[in-house]
$ cat final-v8.cif   # mmCIF, C-alpha atoms
data_work
loop_
_atom_site.label_atom_id
_atom_site.label_comp_id
_atom_site.auth_asym_id
_atom_site.auth_seq_id
_atom_site.Cartn_x
_atom_site.Cartn_y
_atom_site.Cartn_z
CA MET U 1 146.03 98.08 97.07
CA HIS U 2 145.73 98.30 100.84
CA ALA U 3 148.73 99.88 102.57
CA ARG U 4 150.55 97.79 105.14
CA THR U 5 151.90 100.87 106.92
CA ARG U 6 149.87 101.60 110.02
CA GLY U 7 149.11 105.27 110.54
CA PRO U 8 149.20 107.91 111.63
CA VAL U 9 152.63 108.56 110.14
CA HIS U 10 154.38 111.75 111.22
CA VAL U 11 156.89 113.16 108.70
CA VAL U 12 159.48 115.52 110.17
CA GLY U 13 161.16 117.51 107.42
CA THR U 14 159.25 118.54 104.33
CA GLY U 15 161.99 118.76 101.72
CA LEU U 16 162.21 116.52 98.66
CA LEU U 17 162.35 113.16 100.44
CA GLY U 18 159.97 113.92 103.29
CA THR U 19 157.30 115.44 101.06
CA SER U 20 157.67 112.65 98.49
CA ALA U 21 157.19 110.04 101.21
CA ALA U 22 154.16 111.88 102.55
CA LEU U 23 152.62 112.20 99.08
CA ALA U 24 153.06 108.47 98.49
CA LEU U 25 151.52 107.62 101.86
CA ARG U 26 148.54 109.89 101.27
CA ALA U 27 148.01 108.26 97.87
CA ARG U 28 147.73 104.92 99.71
CA GLY U 29 145.20 106.34 102.14
CA VAL U 30 147.55 106.53 105.15
CA GLU U 31 146.88 109.36 107.60
CA THR U 32 149.95 111.60 107.47
CA THR U 33 150.95 114.64 109.50
CA LEU U 34 153.76 117.07 108.76
CA ALA U 35 156.31 119.13 110.66
CA ASP U 36 159.31 121.21 109.67
CA PRO U 37 161.47 123.81 111.45
CA SER U 38 160.24 126.20 108.76
CA PRO U 39 156.47 126.79 109.07
CA THR U 40 156.44 127.97 105.47
CA ALA U 41 158.02 124.74 104.24
CA ALA U 42 155.53 122.65 106.19
CA ALA U 43 152.59 124.70 104.90
CA LEU U 44 153.84 124.33 101.33
CA ALA U 45 153.98 120.53 101.66
CA ARG U 46 150.46 120.60 103.09
CA ASP U 47 149.22 122.70 100.18
CA LEU U 48 150.77 120.21 97.77
CA GLY U 49 148.63 117.46 99.25
CA ALA U 50 151.26 115.73 101.40
CA GLY U 51 149.15 115.69 104.57
CA ARG U 52 148.13 118.05 107.33
CA LEU U 53 150.03 119.91 110.01
CA ARG U 54 149.97 118.31 113.43
CA GLN U 55 147.56 119.88 115.91
CA PRO U 56 147.94 119.97 119.72
CA GLY U 57 145.06 117.50 120.23
CA ASP U 58 146.29 114.90 117.74
CA GLY U 59 146.98 111.39 118.98
CA PRO U 60 150.46 109.84 118.87
CA PRO U 61 151.83 108.55 115.56
CA ALA U 62 152.55 104.89 115.01
CA LEU U 63 155.55 105.70 112.80
CA VAL U 64 157.79 108.76 112.53
CA VAL U 65 159.85 109.43 109.40
CA VAL U 66 162.69 111.91 109.99
CA ALA U 67 163.75 113.61 106.76
CA SER U 68 165.99 116.33 108.16
CA PRO U 69 169.50 117.39 107.04
CA PRO U 70 172.19 114.82 107.95
CA ASP U 71 173.96 117.03 110.47
CA VAL U 72 170.90 117.24 112.72
CA THR U 73 169.27 113.89 111.99
CA GLY U 74 170.59 112.19 115.14
CA ALA U 75 169.25 114.96 117.37
CA VAL U 76 165.85 114.96 115.64
CA VAL U 77 165.54 111.17 115.89
CA ALA U 78 166.39 111.32 119.61
CA GLU U 79 163.78 114.04 120.10
CA GLN U 80 161.11 112.02 118.29
CA LEU U 81 161.90 108.84 120.25
CA ALA U 82 161.50 110.80 123.48
CA CYS U 83 158.36 112.60 122.33
CA TRP U 84 156.53 109.45 121.16
CA PRO U 85 157.45 106.57 123.51
CA GLU U 86 155.40 104.00 121.56
CA ALA U 87 156.26 105.02 118.00
CA VAL U 88 158.73 103.40 115.63
CA VAL U 89 161.18 106.00 114.28
CA THR U 90 163.21 105.85 111.10
CA ASP U 91 165.25 108.40 109.19
CA VAL U 92 166.12 108.73 105.51
CA ALA U 93 169.56 110.35 105.80
CA SER U 94 172.11 109.25 103.21
CA VAL U 95 174.71 108.39 105.87
CA LYS U 96 174.07 105.98 108.71
CA LEU U 97 177.09 105.52 111.01
CA THR U 98 177.36 109.21 111.92
CA VAL U 99 173.63 109.42 112.66
CA LEU U 100 173.74 106.27 114.78
CA ALA U 101 176.81 107.44 116.74
CA ASP U 102 175.19 110.80 117.44
CA LEU U 103 171.97 109.12 118.46
CA ARG U 104 173.74 106.78 120.86
CA ARG U 105 175.53 109.71 122.50
CA GLN U 106 172.21 111.45 123.07
CA LEU U 107 170.45 108.32 124.34
CA ALA U 108 173.14 107.05 126.71
CA GLY U 109 171.82 104.89 129.53
CA THR U 110 169.29 102.12 130.03
CA ALA U 111 166.32 104.20 128.94
CA GLY U 112 168.19 105.17 125.81
CA GLU U 113 168.89 101.53 124.92
CA ARG U 114 165.19 100.77 125.28
CA ALA U 115 164.37 103.68 123.00
CA LEU U 116 166.86 102.44 120.40
CA ALA U 117 164.79 99.28 120.06
CA ARG U 118 162.20 101.42 118.25
CA TYR U 119 164.70 102.92 115.82
CA VAL U 120 165.75 101.60 112.41
CA GLY U 121 167.91 103.80 110.21
CA SER U 122 167.10 103.71 106.51
CA HIS U 123 168.09 105.31 103.23
CA PRO U 124 166.05 105.30 100.03
CA LEU U 125 168.47 105.69 97.12
CA ALA U 126 166.31 108.13 95.24
CA GLY U 127 166.50 111.81 94.51
CA ARG U 128 166.48 114.53 91.92
CA GLU U 129 168.78 117.38 90.92
CA ARG U 130 166.16 119.77 92.30
CA SER U 131 165.38 120.01 96.00
CA GLY U 132 162.48 121.08 98.18
CA ALA U 133 158.81 120.20 98.37
CA VAL U 134 158.02 121.61 94.93
CA ALA U 135 160.28 118.92 93.42
CA ALA U 136 158.62 116.11 95.39
CA ARG U 137 156.92 113.21 93.63
CA GLY U 138 154.86 110.42 95.14
CA THR U 139 156.57 108.01 92.74
CA LEU U 140 160.11 109.09 93.68
CA PHE U 141 160.95 105.80 95.41
CA ALA U 142 159.34 103.41 92.92
CA GLY U 143 161.75 100.62 92.03
CA ARG U 144 164.63 102.19 93.96
CA PRO U 145 166.63 100.38 96.65
CA TRP U 146 165.58 101.29 100.19
CA VAL U 147 168.40 100.34 102.52
CA MET U 148 167.47 99.39 106.08
CA CYS U 149 170.19 99.44 108.75
CA PRO U 150 168.75 97.88 111.92
CA THR U 151 170.96 97.85 115.00
CA PRO U 152 171.42 94.71 117.13
CA THR U 153 168.82 96.20 119.52
CA SER U 154 166.21 97.10 116.88
CA SER U 155 163.00 95.20 117.59
CA ALA U 156 161.42 92.91 115.03
CA GLN U 157 158.34 95.15 115.13
CA ALA U 158 160.40 98.21 114.24
CA VAL U 159 162.16 96.44 111.37
CA ALA U 160 158.81 95.20 110.02
CA ALA U 161 157.31 98.70 110.19
CA VAL U 162 160.15 100.22 108.17
CA ARG U 163 160.03 97.36 105.66
CA ASP U 164 156.29 97.96 105.22
CA LEU U 165 156.97 101.65 104.68
CA ALA U 166 159.55 100.90 101.97
CA ASP U 167 157.18 98.45 100.29
CA ASP U 168 154.24 100.86 100.38
CA LEU U 169 156.33 103.63 98.83
CA GLY U 170 157.42 101.34 96.00
CA GLY U 171 160.99 100.85 97.22
CA VAL U 172 162.97 97.62 97.22
CA PRO U 173 164.02 96.85 100.81
CA VAL U 174 167.70 95.92 101.28
CA VAL U 175 169.18 95.15 104.70
CA MET U 176 172.77 96.29 105.33
CA GLU U 177 174.98 97.05 108.29
CA ALA U 178 175.46 100.81 108.73
CA GLY U 179 179.19 100.81 108.01
CA ALA U 180 178.79 98.68 104.88
CA HIS U 181 176.06 101.05 103.71
CA ASP U 182 178.28 104.12 104.12
CA GLU U 183 181.15 102.49 102.23
CA ALA U 184 178.79 101.45 99.44
CA VAL U 185 177.19 104.86 98.95
CA ALA U 186 180.61 106.51 99.04
CA LEU U 187 181.44 104.52 95.91
CA VAL U 188 178.14 104.59 94.03
CA SER U 189 176.74 107.98 95.06
CA HIS U 190 179.06 110.34 96.89
CA VAL U 191 182.23 110.04 94.78
CA PRO U 192 180.20 110.30 91.52
CA GLN U 193 178.87 113.62 92.84
CA VAL U 194 182.41 114.83 93.48
CA ALA U 195 183.56 113.64 90.06
CA ALA U 196 180.63 115.30 88.27
CA SER U 197 181.27 118.55 90.10
CA LEU U 198 184.99 118.47 89.30
CA VAL U 199 184.36 117.94 85.59
CA ALA U 200 181.62 120.58 85.47
CA ALA U 201 183.80 123.08 87.32
CA ARG U 202 186.31 122.91 84.43
CA LEU U 203 183.61 124.48 82.23
CA ARG U 204 183.37 127.72 84.18
CA GLU U 205 186.23 129.42 82.35
CA ALA U 206 186.10 127.38 79.15
CA PRO U 207 185.88 129.33 75.86
CA GLU U 208 182.37 129.55 74.50
CA PRO U 209 183.26 127.73 71.25
CA ALA U 210 184.47 124.76 73.30
CA VAL U 211 181.30 124.61 75.42
CA GLU U 212 179.17 124.75 72.27
CA LEU U 213 180.72 121.44 71.17
CA ALA U 214 179.32 119.68 74.25
CA GLY U 215 177.46 116.46 73.49
CA GLN U 216 175.54 113.85 75.39
CA GLY U 217 178.66 112.43 77.01
CA LEU U 218 179.34 115.67 78.87
CA ARG U 219 175.67 116.02 79.79
CA ASP U 220 175.65 112.50 81.22
CA VAL U 221 178.82 113.01 83.24
CA THR U 222 177.76 116.38 84.68
CA ARG U 223 174.01 115.78 85.13
CA ILE U 224 174.18 115.70 88.94
CA ALA U 225 176.57 118.66 89.20
CA GLU U 226 173.60 121.00 89.76
CA SER U 227 172.89 119.43 93.16
CA ASP U 228 172.49 121.56 96.30
CA PRO U 229 175.97 122.55 97.62
CA ALA U 230 174.76 123.03 101.21
CA LEU U 231 173.30 119.52 101.34
CA TRP U 232 176.38 117.92 99.83
CA VAL U 233 178.71 119.66 102.26
CA GLN U 234 176.79 117.89 105.03
CA ILE U 235 176.70 114.52 103.26
CA LEU U 236 180.39 114.49 102.38
CA GLY U 237 181.36 115.74 105.82
CA ALA U 238 179.33 113.00 107.51
CA ASN U 239 180.82 110.28 105.30
CA ALA U 240 184.29 111.75 104.97
CA GLY U 241 186.28 108.58 105.75
CA PRO U 242 184.73 106.22 103.17
CA VAL U 243 184.61 108.97 100.51
CA ALA U 244 188.27 109.85 101.09
CA ALA U 245 189.24 106.17 100.77
CA VAL U 246 187.59 105.89 97.34
CA LEU U 247 189.07 109.21 96.23
CA ARG U 248 192.57 108.04 97.20
CA ASP U 249 192.16 104.97 94.98
CA LEU U 250 190.80 107.20 92.22
CA ARG U 251 193.75 109.54 92.61
CA ALA U 252 196.16 106.62 92.18
CA ASP U 253 194.42 105.64 88.95
CA LEU U 254 194.49 109.26 87.74
CA ASP U 255 198.19 109.54 88.56
CA ALA U 256 198.92 106.42 86.50
CA VAL U 257 196.99 107.75 83.50
CA LEU U 258 198.54 111.21 83.87
CA ALA U 259 202.02 109.70 83.87
CA ALA U 260 201.18 107.73 80.72
CA LEU U 261 199.79 110.78 78.95
CA GLU U 262 202.78 112.91 79.91
CA GLN U 263 205.04 110.19 78.55
CA LEU U 264 203.11 110.15 75.27
CA ASP U 265 203.15 113.94 75.12
CA THR U 266 206.94 113.94 74.93
CA VAL U 267 206.78 112.03 71.64
CA GLN U 268 206.61 114.50 68.77
CA ASP U 269 205.64 111.98 66.10
CA ALA U 270 202.45 110.10 66.95
CA ALA U 271 203.58 107.23 64.76
CA ASP U 272 206.54 106.67 67.09
CA ALA U 273 204.43 106.69 70.28
CA ALA U 274 204.31 102.91 70.61
CA ALA U 275 208.04 102.50 70.17
CA ASN U 276 209.16 105.43 72.30
CA SER U 277 206.61 105.25 75.12
CA PRO U 278 206.68 101.66 76.39
CA GLY U 279 203.72 100.85 78.62
CA ALA U 280 201.98 104.19 78.18
CA LEU U 281 199.44 103.01 75.62
CA ALA U 282 198.69 99.93 77.72
CA ALA U 283 197.99 102.08 80.77
CA VAL U 284 195.47 104.18 78.87
CA ALA U 285 193.86 101.11 77.29
CA ARG U 286 193.64 99.44 80.69
CA LEU U 287 191.78 102.44 82.13
CA ILE U 288 189.19 102.39 79.34
CA ALA U 289 188.80 98.60 79.53
CA ASP U 290 188.45 98.62 83.33
CA GLY U 291 185.85 101.36 83.02
CA GLY U 292 183.86 99.29 80.58
CA ALA U 293 184.03 96.27 82.84
CA GLY U 294 182.85 98.33 85.80
CA ARG U 295 180.05 99.94 83.81
CA ALA U 296 178.82 96.48 82.77
CA ARG U 297 178.13 95.69 86.44
CA VAL U 298 175.71 98.59 86.88
CA PRO U 299 172.22 97.07 86.91
CA GLY U 300 169.69 98.25 84.38
CA LYS U 301 166.02 97.38 83.95
CA HIS U 302 164.96 94.44 86.16
CA GLY U 303 168.56 94.17 87.35
CA ALA U 304 169.92 93.22 83.92
CA PRO U 305 173.22 94.84 82.88
CA PRO U 306 172.84 97.53 80.19
CA THR U 307 175.19 95.55 77.93
CA SER U 308 172.57 92.81 77.61
CA TYR U 309 170.46 95.05 75.34
CA ALA U 310 170.81 95.93 71.66
CA VAL U 311 170.62 99.62 70.73
CA VAL U 312 168.76 100.89 67.67
CA THR U 313 169.67 104.54 66.97
CA VAL U 314 166.96 106.55 65.25
CA LEU U 315 167.18 110.03 63.73
CA VAL U 316 164.21 111.96 65.16
CA PRO U 317 163.09 115.30 63.67
CA ASP U 318 162.91 118.08 66.26
CA ALA U 319 159.20 118.72 65.80
CA PRO U 320 156.09 118.30 67.95
CA GLY U 321 154.81 114.74 68.12
CA GLU U 322 157.81 113.05 66.47
CA LEU U 323 159.11 111.32 69.59
CA ALA U 324 155.58 110.17 70.43
CA ARG U 325 155.27 108.80 66.89
CA LEU U 326 158.50 106.87 67.29
CA LEU U 327 157.38 105.30 70.57
CA HIS U 328 154.04 104.37 68.98
CA ASP U 329 155.82 102.73 66.05
CA VAL U 330 158.11 100.75 68.38
CA GLY U 331 155.05 99.40 70.17
CA ALA U 332 153.23 98.73 66.91
CA ALA U 333 156.17 96.56 65.84
CA GLY U 334 155.48 94.35 68.84
CA VAL U 335 158.82 95.25 70.47
CA ASN U 336 159.16 96.06 74.16
CA LEU U 337 161.20 99.18 74.92
CA GLU U 338 163.83 98.39 77.57
CA ASP U 339 165.42 101.84 77.76
CA LEU U 340 165.50 105.15 75.89
CA ARG U 341 168.21 107.80 75.67
CA LEU U 342 167.97 111.07 73.78
CA GLU U 343 170.88 113.06 72.39
CA HIS U 344 170.18 116.51 71.04
CA SER U 345 172.18 118.05 68.21
CA PRO U 346 172.88 121.72 69.09
CA GLY U 347 171.66 123.98 66.32
CA GLN U 348 170.31 121.10 64.26
CA PRO U 349 166.66 120.20 63.54
CA VAL U 350 167.15 116.55 64.57
CA GLY U 351 168.06 114.47 67.58
CA LEU U 352 169.20 110.91 68.16
CA ALA U 353 167.03 108.42 70.04
CA GLU U 354 168.88 105.36 71.32
CA VAL U 355 166.23 102.67 71.68
CA SER U 356 167.38 99.71 73.80
CA VAL U 357 165.67 96.39 73.11
CA LEU U 358 166.37 92.71 73.66
CA PRO U 359 168.95 91.48 71.11
CA ALA U 360 166.46 89.09 69.50
CA ALA U 361 164.15 92.03 68.70
CA ARG U 362 166.72 94.26 67.04
CA THR U 363 166.34 93.01 63.45
CA VAL U 364 162.54 93.06 63.67
CA LEU U 365 162.51 96.62 65.00
CA GLU U 366 165.02 97.94 62.47
CA ALA U 367 163.02 96.49 59.57
CA ALA U 368 159.73 97.85 60.91
CA LEU U 369 161.09 101.36 61.48
CA ARG U 370 162.73 101.54 58.06
CA ASP U 371 159.46 100.46 56.46
CA LEU U 372 157.78 103.38 58.23
CA GLY U 373 160.31 105.86 56.90
CA TRP U 374 162.55 106.30 59.93
CA ALA U 375 166.24 106.97 59.32
CA LEU U 376 168.50 104.68 61.36
CA LEU U 377 172.19 104.99 62.14
CA ASP U 378 174.29 101.85 61.81
#
$ encode --input "final-v8.cif" --output "structure tokens"
Amino acid sequence: MHARTRGPVHVVGTGLLGTSAALALRARGVETTLADPSPTAAALARDLGAGRLRQPGDGPPALVVVASPPDVTGAVVAEQLACWPEAVVTDVASVKLTVLADLRRQLAGTAGERALARYVGSHPLAGRERSGAVAARGTLFAGRPWVMCPTPTSSAQAVAAVRDLADDLGGVPVVMEAGAHDEAVALVSHVPQVAASLVAARLREAPEPAVELAGQGLRDVTRIAESDPALWVQILGANAGPVAAVLRDLRADLDAVLAALEQLDTVQDAADAAANSPGALAAVARLIADGGAGRARVPGKHGAPPTSYAVVTVLVPDAPGELARLLHDVGAAGVNLEDLRLEHSPGQPVGLAEVSVLPAARTVLEAALRDLGWALLD
């Protein structure tokens, strides 16, 4: 398919996001050049096929994508706007108000306002636990929201160029005001990182027998705890206000649950808990119920909530080819796989595969898998 993004595209910053964007553009046949404060990082991205390093005689880019750390993004965007007076410039930083405020300070004056017409801040909500060019993937943005935050002075041409970029990289363009974006990502991205890190940090001094009991629930909760500390210091610092607001609400909820648990802990006989701890059980139940209601709003495949699917749990032997055989048998049954989750059993020769399908297909799939000798959990 022909790319709508007009090249050359100049990518400044060859970490995970910058290199992934460059790889995707090159796969669409768009001329792409690379730059990074680290010559080694830029050369690595080049060697991975993300484009070529800019040369002194190269012509001006039509679009510049700034993929630098959040604390310097405003300065780099200002530099690129000044360096390429005809180019549209966007950035992919995960915070937008701080970048825009910094940019406006650096571009004060009439000429700066004219330059801002060529700028549209953006943020693809995609990433991995690993960082750097070696973790980059040309498919990183496929199906992921790509938030665009045009300013009142952003030109229609600039907005269209960034929308074309998001489309070409497989993202789903979403237009939001910068402040609304920062509040949203505080809730759905930044606070989850803090929560995952807090839970994972409790494991540092945990007894080994306790850690060995860890199951899929702990893995799910702590999956993102391996993220880059240096990057997250910058992200949380740049979005401190919205993150703090969510954490204050979370602290209030935690305080309510803690008070309920402490009340229950004073009851020696569990059978008397309901009678001697009025309201405590309701507070705990309310937390779990509210969590379920919130979880149900998280979109799954094609935007459908995860609760709209039926789950068939299959016991899978831990042997080469067994998972592939299961997936083949699901397809052979004429059932479309909506989602798949794997849970490993430490020290055991089996694992659990949670196969999500449309509710109408559940009975058909269960019968087909049992006929083929698969063991299912009710």
$ residues_near_point --input "final-v8.cif" --point "(174.6, 111.3, 119.7)" --cutoff "10 Å" --atoms "all atoms listed in the file" --output "list in words"
Val72, Thr73, Gly74, Ala75, Val77, Ala78, Thr98, Val99, Leu100, Ala101, Asp102, Leu103, Arg104, Arg105, Gln106, Leu107 and Ala108 of chain U
$ atom_distance --input "final-v8.cif" --atom1 "atom CA of Val147 of chain U" --atom2 "atom CA of Ala87 of chain U"
20.2 Å
$ residues_around --input "final-v8.cif" --residues "Ala22 of chain U" --least-positions-apart "2" --cutoff "9 Å" --atoms "all atoms listed in the file" --output "PyMOL selection string"
chain U and resi 9-11+14+17-20+24-27+30+32-34+45+49-51+138
$ write_last_selection --input "final-v8.cif" --atoms "C-alpha atoms" --output "PDB file, keeping the file's coordinate frame"
ATOM      1  CA  VAL U   9     152.630 108.560 110.140  1.00  0.00           C
ATOM      2  CA  HIS U  10     154.380 111.750 111.220  1.00  0.00           C
ATOM      3  CA  VAL U  11     156.890 113.160 108.700  1.00  0.00           C
ATOM      4  CA  THR U  14     159.250 118.540 104.330  1.00  0.00           C
ATOM      5  CA  LEU U  17     162.350 113.160 100.440  1.00  0.00           C
ATOM      6  CA  GLY U  18     159.970 113.920 103.290  1.00  0.00           C
ATOM      7  CA  THR U  19     157.300 115.440 101.060  1.00  0.00           C
ATOM      8  CA  SER U  20     157.670 112.650  98.490  1.00  0.00           C
ATOM      9  CA  ALA U  24     153.060 108.470  98.490  1.00  0.00           C
ATOM     10  CA  LEU U  25     151.520 107.620 101.860  1.00  0.00           C
ATOM     11  CA  ARG U  26     148.540 109.890 101.270  1.00  0.00           C
ATOM     12  CA  ALA U  27     148.010 108.260  97.870  1.00  0.00           C
ATOM     13  CA  VAL U  30     147.550 106.530 105.150  1.00  0.00           C
ATOM     14  CA  THR U  32     149.950 111.600 107.470  1.00  0.00           C
ATOM     15  CA  THR U  33     150.950 114.640 109.500  1.00  0.00           C
ATOM     16  CA  LEU U  34     153.760 117.070 108.760  1.00  0.00           C
ATOM     17  CA  ALA U  45     153.980 120.530 101.660  1.00  0.00           C
ATOM     18  CA  GLY U  49     148.630 117.460  99.250  1.00  0.00           C
ATOM     19  CA  ALA U  50     151.260 115.730 101.400  1.00  0.00           C
ATOM     20  CA  GLY U  51     149.150 115.690 104.570  1.00  0.00           C
ATOM     21  CA  GLY U 138     154.860 110.420  95.140  1.00  0.00           C
TER      22      GLY U 138
END
$ closest_residue --input "final-v8.cif" --among "U:Asp249, U:Asp228, U:Asp371, U:Glu322" --to "Gly351 of chain U" --atoms "all atoms listed in the file"
U:Glu322
$ closest_residue --input "final-v8.cif" --among "U:Val357, U:Gly321, U:Val92, U:Ala280" --to "Thr266 of chain U" --atoms "only C-alpha atoms"
U:Ala280
$ closest_residue --input "final-v8.cif" --among "U:Pro209, U:Pro145, U:Ala361, U:Pro60" --to "Leu81 of chain U" --atoms "all atoms listed in the file"
U:Pro60
$ atom_distance --input "final-v8.cif" --atom1 "atom CA of Asp58 of chain U" --atom2 "atom CA of Arg118 of chain U"
20.9 Å
$ closest_residue --input "final-v8.cif" --among "U:Glu354, U:Asp47, U:Glu343, U:Glu208" --to "Leu327 of chain U" --atoms "all atoms listed in the file"
U:Glu354
$ atom_distance --input "final-v8.cif" --atom1 "atom CA of Leu16 of chain U" --atom2 "atom CA of Gly132 of chain U"
4.6 Å
$ closest_residue --input "final-v8.cif" --among "U:Arg223, U:Arg295, U:His2, U:Lys96" --to "Ala238 of chain U" --atoms "all atoms listed in the file"
U:Lys96
$ resolve_selection --input "final-v8.cif" --expression "the PyMOL selection byres ((chain U and resi 310) around 10)" --output "PyMOL selection string"
chain U and resi 306-309+311-313+338+354-363
$ closest_residue --input "final-v8.cif" --among "U:Val257, U:Ala133, U:Val314, U:Ala161" --to "Val120 of chain U" --atoms "all atoms listed in the file"
U:Ala161
$ resolve_selection --input "final-v8.cif" --expression "the PyMOL selection byres ((chain U and resi 157) around 12)" --output "PDB file with C-alpha atoms, in the coordinates of the input"
ATOM      1  CA  THR U   5     151.900 100.870 106.920  1.00  0.00           C
ATOM      2  CA  ARG U   6     149.870 101.600 110.020  1.00  0.00           C
ATOM      3  CA  ALA U  62     152.550 104.890 115.010  1.00  0.00           C
ATOM      4  CA  LEU U  63     155.550 105.700 112.800  1.00  0.00           C
ATOM      5  CA  GLU U  86     155.400 104.000 121.560  1.00  0.00           C
ATOM      6  CA  ALA U  87     156.260 105.020 118.000  1.00  0.00           C
ATOM      7  CA  VAL U  88     158.730 103.400 115.630  1.00  0.00           C
ATOM      8  CA  VAL U  89     161.180 106.000 114.280  1.00  0.00           C
ATOM      9  CA  ALA U 117     164.790  99.280 120.060  1.00  0.00           C
ATOM     10  CA  ARG U 118     162.200 101.420 118.250  1.00  0.00           C
ATOM     11  CA  TYR U 119     164.700 102.920 115.820  1.00  0.00           C
ATOM     12  CA  VAL U 120     165.750 101.600 112.410  1.00  0.00           C
ATOM     13  CA  PRO U 150     168.750  97.880 111.920  1.00  0.00           C
ATOM     14  CA  THR U 153     168.820  96.200 119.520  1.00  0.00           C
ATOM     15  CA  SER U 154     166.210  97.100 116.880  1.00  0.00           C
ATOM     16  CA  SER U 155     163.000  95.200 117.590  1.00  0.00           C
ATOM     17  CA  ALA U 156     161.420  92.910 115.030  1.00  0.00           C
ATOM     18  CA  ALA U 158     160.400  98.210 114.240  1.00  0.00           C
ATOM     19  CA  VAL U 159     162.160  96.440 111.370  1.00  0.00           C
ATOM     20  CA  ALA U 160     158.810  95.200 110.020  1.00  0.00           C
ATOM     21  CA  ALA U 161     157.310  98.700 110.190  1.00  0.00           C
ATOM     22  CA  VAL U 162     160.150 100.220 108.170  1.00  0.00           C
ATOM     23  CA  ARG U 163     160.030  97.360 105.660  1.00  0.00           C
ATOM     24  CA  ASP U 164     156.290  97.960 105.220  1.00  0.00           C
TER      25      ASP U 164
END
$ resolve_selection --input "final-v8.cif" --expression "the PyMOL selection byres ((chain U and resi 197) around 9)" --output "JSON, numbers by chain"
{"U": [192, 193, 194, 195, 196, 198, 199, 200, 201, 202, 222, 224, 225, 226, 227]}
$ residues_around --input "final-v8.cif" --residues "Ala186 of chain U" --least-positions-apart "3" --cutoff "6 Å" --atoms "only C-alpha atoms" --output "PDB file with C-alpha atoms, in the coordinates of the input"
ATOM      1  CA  GLU U 183     181.150 102.490 102.230  1.00  0.00           C
ATOM      2  CA  SER U 189     176.740 107.980  95.060  1.00  0.00           C
ATOM      3  CA  HIS U 190     179.060 110.340  96.890  1.00  0.00           C
ATOM      4  CA  VAL U 191     182.230 110.040  94.780  1.00  0.00           C
ATOM      5  CA  PRO U 242     184.730 106.220 103.170  1.00  0.00           C
ATOM      6  CA  VAL U 243     184.610 108.970 100.510  1.00  0.00           C
TER       7      VAL U 243
END
$ residues_around --input "final-v8.cif" --residues "Trp374 of chain U" --least-positions-apart "3" --cutoff "12 Å" --atoms "all atoms listed in the file" --output "list in words"
Val312, Thr313, Val314, Leu315, Val316, Pro317, Glu322, Leu323, Arg325, Leu326, Leu327, Asp329, Val330, Leu352, Ala353, Leu365, Glu366, Ala367, Ala368, Leu369, Arg370, Asp371 and Leu377 of chain U
$ write_last_selection --input "final-v8.cif" --atoms "C-alpha atoms" --output "PDB file, in the frame of the given file"
ATOM      1  CA  VAL U 312     168.760 100.890  67.670  1.00  0.00           C
ATOM      2  CA  THR U 313     169.670 104.540  66.970  1.00  0.00           C
ATOM      3  CA  VAL U 314     166.960 106.550  65.250  1.00  0.00           C
ATOM      4  CA  LEU U 315     167.180 110.030  63.730  1.00  0.00           C
ATOM      5  CA  VAL U 316     164.210 111.960  65.160  1.00  0.00           C
ATOM      6  CA  PRO U 317     163.090 115.300  63.670  1.00  0.00           C
ATOM      7  CA  GLU U 322     157.810 113.050  66.470  1.00  0.00           C
ATOM      8  CA  LEU U 323     159.110 111.320  69.590  1.00  0.00           C
ATOM      9  CA  ARG U 325     155.270 108.800  66.890  1.00  0.00           C
ATOM     10  CA  LEU U 326     158.500 106.870  67.290  1.00  0.00           C
ATOM     11  CA  LEU U 327     157.380 105.300  70.570  1.00  0.00           C
ATOM     12  CA  ASP U 329     155.820 102.730  66.050  1.00  0.00           C
ATOM     13  CA  VAL U 330     158.110 100.750  68.380  1.00  0.00           C
ATOM     14  CA  LEU U 352     169.200 110.910  68.160  1.00  0.00           C
ATOM     15  CA  ALA U 353     167.030 108.420  70.040  1.00  0.00           C
ATOM     16  CA  LEU U 365     162.510  96.620  65.000  1.00  0.00           C
ATOM     17  CA  GLU U 366     165.020  97.940  62.470  1.00  0.00           C
ATOM     18  CA  ALA U 367     163.020  96.490  59.570  1.00  0.00           C
ATOM     19  CA  ALA U 368     159.730  97.850  60.910  1.00  0.00           C
ATOM     20  CA  LEU U 369     161.090 101.360  61.480  1.00  0.00           C
ATOM     21  CA  ARG U 370     162.730 101.540  58.060  1.00  0.00           C
ATOM     22  CA  ASP U 371     159.460 100.460  56.460  1.00  0.00           C
ATOM     23  CA  LEU U 377     172.190 104.990  62.140  1.00  0.00           C
TER      24      LEU U 377
END
